[in-house]
There are 2 protein chains.
Amino acid sequence: MAIRIAIYGYGNLGKGVEAAISHNPDMSLEYVFTRREPASLKLATSAKAVKADDVALYKDKVDVMIICSGSATDLPEHTPRLAKDFNVIDSFDTHAQIPTHFEKVDAAAKEGGRLALISCGWDPGMFSLNRVIADAILPGGNTYTFWGKGVSQGHSDAIRRIEGVVDARQYTVPVEDALEKVRAGKDPVLTTREKHTRLCYVVAEEGADKALIEKQIKTMPNYFDQYDTTVNFISLEELKRDHGALPHGGSVIHSARTGLENENNHVVEYSLKLDSNPQFTSSILVAYARAVYRMSKEGRVGCISVLDVPPAMLSQKTSKELLAHML
Amino acid sequence: MAIRIAIYGYGNLGKGVEAAISHNPDMSLEYVFTRREPASLKLATSAKAVKADDVALYKDKVDVMIICSGSATDLPEHTPRLAKDFNVIDSFDTHAQIPTHFEKVDAAAKEGGRLALISCGWDPGMFSLNRVIADAILPGGNTYTFWGKGVSQGHSDAIRRIEGVVDARQYTVPVEDALEKVRAGKDPVLTTREKHTRLCYVVAEEGADKALIEKQIKTMPNYFDQYDTTVNFISLEELKRDHGALPHGGSVIHSARTGLENENNHVVEYSLKLDSNPQFTSSILVAYARAVYRMSKEGRVGCISVLDVPPAMLSQKTSKELLAHML
C-alpha cells in the first residue's frame with residue numbers, strides 16, 4: 001500500500017509537494033488541508049481538499065503530514081500542534097530559532113507517540129547535511145555557504161512594502177571573485193559585502209520618487225545596508241515577462257588540510273542550480289516524508305532533523321538495489 | 001575516554017589514518033597491526049606496532065579496527081575474519097563484488113556480535129551518498145559520475161607491468177565538454193570515451209621500443225582501449241619531480257525535472273578536489289569509525305554501509321551544537 005500523505009497549506013510549497021508526489025509512485029496524496037474554503041481550491045490531482053479546522057478527524061487516515069504553511073509565523077504554532085496527532089515534517093527555516101522550535105515539536109511528538117522532522121529543505125536541509133558531513137570528515141577546515149543566483153522572496157517582500165512600489169523582485173548573487181578564491185582553497189576571510197551582491201528589479205507607481213525608493217532600498221537595515229545593491233526600475237510587463245520564475249541555487253564549500261604537517265589541501269563542494277526553489281524544496285520534503293514513515297514504523301518518536309536520517313531511508317530503492325547499483 | 005582505534009595494514013591508507021586521527025581529538029590510535037616485522041615500522045605517533053598474527057589477543061583493547069590492507073585481494077579475506085572479533089571498517093572498492101562482500105562480513109559480524117561498515121571512502125562512499133540522496137529527492141533523473149583529474153593507481157600499475165617500462169603514472173581526466181553539457185542540464189548520452197581521457201607519463205628502459213610500449217598501452221583491454229589515451233615518455237627524474245603526489249577528485253552530477261508537466265530542471269553537483277587521495281579516504285574512514293563506535297554502543301550489529309549512517313553520528317560536535325550552529 002502506498003504511503004498516505006497529506007499537505008497542510010496549499011501555497012507554492014504545497015503545490016510543489018503535490019507535483020513531487022506524482023514522481024514518487026510509492027506515495028499517494030490523500031488530503032490537502034486549507035484555511036480557505038475547500039471548494040475554492042483547484043487541486044491538480046484527485047486528493048480531497050478539507051478544512052484545516054477538521055484536521056484532527058483525520059489522524060488515523062494519514063501516514064505523514066507535510067506542513068506547508070508559512071515558515072516564520074505559522075510553523076512555530078502549526079508544527080507542535082499537528083505533531084501530537086500526526087507524523088509531521090516541516091521546512092522551518094529561521095536558523096536562530098531552530099533549537100526552540102525543535103524542543104517544542106519534540107515534546108508534542110513524544111506526547112502523541114509520533115515522529116516529527118523539522119527544518120527540511122535545502123538550507124536548512126541539504127546544505128546542513130553537507131556542512132556537517134564535510135566538517136566531520138575534514139575537521140578544522142573552513143565552511144562557506146553561498147546563495148544564488150536566485151530570487152529571495154523575503155527581500156522582494158521587503159521592497160514591496162516601500163511606499164510607491166507596485167511590485168519587485170530581488171536576486172541574491174554570489175560574488176564570483178569570492179567563490180573563485182574559496183574554490184581554490186585560499187580560505188579567504190570574507191565580509192558580508194564580499195560574499196553576495198543584491199540585484200533588484202522594481203516597478204514604481206507612476207509619478208513616484210524613484211531616487212527616494214532607491215535610497216530606501218539601499219539603506220534598509222540588515223536586508224540591504226551591508227550589501228552592494230543595484231536597483232533597476234522596470235515596467236510591470238517586463239517584471240512579469242522576465243522575472244516570473246523562482247530560480248535559486250548556491251554552494252556549500254568546505255576547504256581543509258590533512259596530514260601530520262597539514263601538508264595537503266582538499267576542497268569539497270556541494271552546489272545547486274534550481275529552476276524552481278519551491279519545487280526543489282518540496283521534492284526534498286517528500287523524500288524525507290518517506291524516511292519519517294519508515295522510521296516511525298520502526299518505533300522512533302519525538303523530533304529529528306535531516307542529520308538523524310540514514311540516507312538509505314530516503315530512497316524508493318531497496319537496500320539490495322542500493323548495495324548492488326548505487327554504492 | 002577517547003575512542004580506541006587500531007589500524008590493520010600500514011601502507012598509504014594506514015599512514016593516512018594515523019595522520020587523520022591527529023585531527024580528531026576524541027580518538028586515540030592504540031595499535032598498528034602489520035604483516036611486516038613490527039620493529040621495522042617507523043610510526044609517526046606513539047601507537048604500538050604489533051604482529052598481525054597476534055591481532056586476536058587485542059579484541060578487548062580496541063573499539064574500532066580500521067582495515068587498511070589492499071582492497072582487491074586482502075579485504076575479502078581480512079574483513080570477514082576481523083569482523084568476528086572487532087568492530088571494523090574497510091574501504092572495499094570493487095563495486096561489482098560489494099553485495100558478496102557485504103553478506104560475508106554481515107554473517108561474521110553477527111556471529112561475533114560486532115558492527116562492520118564496508119566500502120567507505122569517496123567512491124564508494126561520499127559519491128555513493130550523493131548518488132543515492134540526489135536520486136531520492138529528484139527521482140527519474142540522470143546521475144553522472146566523473147573522476148579526475150587524478151592519479152589512478154590501478155592504471156599506473158597496469159602500465160608498469162609492460163616489458164620495458166621502469167615506472168609510470170596515469171591520470172584520469174574528465175572531458176570538459178561532457179562536464180559542461182551535464183552541468184547545463186542537457187542530459188547527454190555519453191560513451192565511456194566521451195566521459196574521460198587517459199594521460200600517461202612513462203619511464204622506459206634505455207633502448208626499449210617506445211612505439212611498441214605506446215601501442216601496448218593504448219590497446220590494453222578495459223584499461224585503455226575504450227579511451228582516448230595520450231602517452232608521454234619522460235625521465236625517471238621528471239617522474240619523481242613532477243608526478244610524485246597522488247591528487248584526485250571528481251564530481252557526481254544529478255540532473256532531473258520536477259513539476260506536474262516536468263516543467264522545471266534542477267542540477268545537483270557534489271565535487272572534490274583532493275591533494276591526496278589516500279589522506280582524504282583515510283579522513284572519511286576515521287569519521288565513519290566514530291559512527292561505528294556510537295552505533296555499536298547503541299547495540300547495532302552486522303554489516304552496514306555509509307547509506308545506513310545518520311550524518312550526526314559522524315561529527316565531533318554534539319546534537320545540540322549541530323542544531324544550533326550547523327543546521
# chains A, B, ... in the order shown; residues from 1 in each chain; ligands from 1
>>> interface_residues(of="chain A", to="chain B", cutoff="6 Å", atoms="only C-alpha atoms", output="JSON, numbers by chain")
{"A": [19, 99, 124, 128, 136, 137, 259, 260, 264, 265, 266, 267, 268, 269, 270, 271, 272, 273, 274, 275, 283, 284, 287, 307, 308, 309, 310, 311, 312, 314, 315, 324, 326, 327]}
>>> residues_around(residues="Thr230 in chain A", least_positions_apart="6", cutoff="7 Å", atoms="only C-alpha atoms", output="list in words")
Arg198, Leu199 and Cys200 of chain A
>>> write_last_selection(atoms="C-alpha atoms", output="PDB file, in the first residue's frame")
ATOM      1  CA  ARG A 198      21.811  42.198  -4.316  1.00  0.00           C
ATOM      2  CA  LEU A 199      20.121  42.919  -7.623  1.00  0.00           C
ATOM      3  CA  CYS A 200      16.644  44.465  -7.560  1.00  0.00           C
TER       4      CYS A 200
END
>>> select_by_dssp(residues="range 70-207 of chain A", states="helix (DSSP H, G or I)", output="NGL selection string")
:A and (75-83 or 95-112 or 126-137 or 153-160 or 176-183 or 192-195)
>>> select_by_dssp(residues="range 59-259 of chain A", states="strand (DSSP E)", output="PyMOL selection string")
chain A and resi 64-67+88-89+115-117+142-147+150-151+165-174+196-204+228-233+248-258
>>> write_last_selection(atoms="C-alpha atoms", output="PDB file, in the first residue's frame")
ATOM      1  CA  VAL A  64       2.778  11.644   7.146  1.00  0.00           C
ATOM      2  CA  MET A  65       1.554  15.250   7.184  1.00  0.00           C
ATOM      3  CA  ILE A  66       3.729  17.651   5.183  1.00  0.00           C
ATOM      4  CA  ILE A  67       3.233  21.096   6.709  1.00  0.00           C
ATOM      5  CA  VAL A  88       4.879  15.524  10.511  1.00  0.00           C
ATOM      6  CA  ILE A  89       7.580  17.224   8.506  1.00  0.00           C
ATOM      7  CA  LEU A 115       7.708  11.268  14.774  1.00  0.00           C
ATOM      8  CA  ALA A 116       8.444  14.799  13.534  1.00  0.00           C
ATOM      9  CA  LEU A 117      11.202  16.063  11.248  1.00  0.00           C
ATOM     10  CA  ASN A 142      36.535  26.414   6.778  1.00  0.00           C
ATOM     11  CA  THR A 143      32.976  26.031   5.524  1.00  0.00           C
ATOM     12  CA  TYR A 144      31.479  28.684   3.242  1.00  0.00           C
ATOM     13  CA  THR A 145      27.852  28.944   2.163  1.00  0.00           C
ATOM     14  CA  PHE A 146      26.943  30.977  -0.923  1.00  0.00           C
ATOM     15  CA  TRP A 147      23.367  31.522  -2.068  1.00  0.00           C
ATOM     16  CA  GLY A 150      18.299  33.329  -7.141  1.00  0.00           C
ATOM     17  CA  VAL A 151      15.166  35.098  -6.040  1.00  0.00           C
ATOM     18  CA  VAL A 165       6.457  50.345  -5.113  1.00  0.00           C
ATOM     19  CA  VAL A 166       3.974  48.273  -7.116  1.00  0.00           C
ATOM     20  CA  ASP A 167       5.993  45.072  -7.311  1.00  0.00           C
ATOM     21  CA  ALA A 168       9.616  43.928  -7.023  1.00  0.00           C
ATOM     22  CA  ARG A 169      11.952  41.033  -7.475  1.00  0.00           C
ATOM     23  CA  GLN A 170      15.289  40.704  -5.648  1.00  0.00           C
ATOM     24  CA  TYR A 171      18.092  38.399  -6.768  1.00  0.00           C
ATOM     25  CA  THR A 172      20.845  37.361  -4.382  1.00  0.00           C
ATOM     26  CA  VAL A 173      24.060  36.992  -6.368  1.00  0.00           C
ATOM     27  CA  PRO A 174      27.284  35.407  -5.058  1.00  0.00           C
ATOM     28  CA  HIS A 196      26.971  38.471  -2.074  1.00  0.00           C
ATOM     29  CA  THR A 197      25.506  41.371  -4.018  1.00  0.00           C
ATOM     30  CA  ARG A 198      21.811  42.198  -4.316  1.00  0.00           C
ATOM     31  CA  LEU A 199      20.121  42.919  -7.623  1.00  0.00           C
ATOM     32  CA  CYS A 200      16.644  44.465  -7.560  1.00  0.00           C
ATOM     33  CA  TYR A 201      14.004  44.903 -10.261  1.00  0.00           C
ATOM     34  CA  VAL A 202      11.396  47.387  -9.103  1.00  0.00           C
ATOM     35  CA  VAL A 203       8.088  48.539 -10.589  1.00  0.00           C
ATOM     36  CA  ALA A 204       7.276  52.039  -9.278  1.00  0.00           C
ATOM     37  CA  ASP A 228      26.346  46.354  -2.701  1.00  0.00           C
ATOM     38  CA  THR A 229      22.873  46.726  -4.137  1.00  0.00           C
ATOM     39  CA  THR A 230      21.800  47.552  -7.689  1.00  0.00           C
ATOM     40  CA  VAL A 231      18.293  48.874  -8.303  1.00  0.00           C
ATOM     41  CA  ASN A 232      16.711  48.732 -11.774  1.00  0.00           C
ATOM     42  CA  PHE A 233      13.308  50.258 -12.421  1.00  0.00           C
ATOM     43  CA  HIS A 248      17.657  29.699  -6.916  1.00  0.00           C
ATOM     44  CA  GLY A 249      20.781  27.775  -6.054  1.00  0.00           C
ATOM     45  CA  GLY A 250      24.048  28.081  -4.236  1.00  0.00           C
ATOM     46  CA  SER A 251      27.052  26.221  -2.894  1.00  0.00           C
ATOM     47  CA  VAL A 252      28.453  24.850   0.322  1.00  0.00           C
ATOM     48  CA  ILE A 253      32.224  24.742   0.037  1.00  0.00           C
ATOM     49  CA  HIS A 254      34.468  23.204   2.665  1.00  0.00           C
ATOM     50  CA  SER A 255      38.214  23.578   2.492  1.00  0.00           C
ATOM     51  CA  ALA A 256      40.571  21.827   4.909  1.00  0.00           C
ATOM     52  CA  ARG A 257      44.051  20.432   5.317  1.00  0.00           C
ATOM     53  CA  THR A 258      45.154  16.907   6.197  1.00  0.00           C
TER      54      THR A 258
END
>>> atom_distance(atom1="CA of Glu37 in chain A", atom2="CA of Asp74 in chain A")
18.4 Å
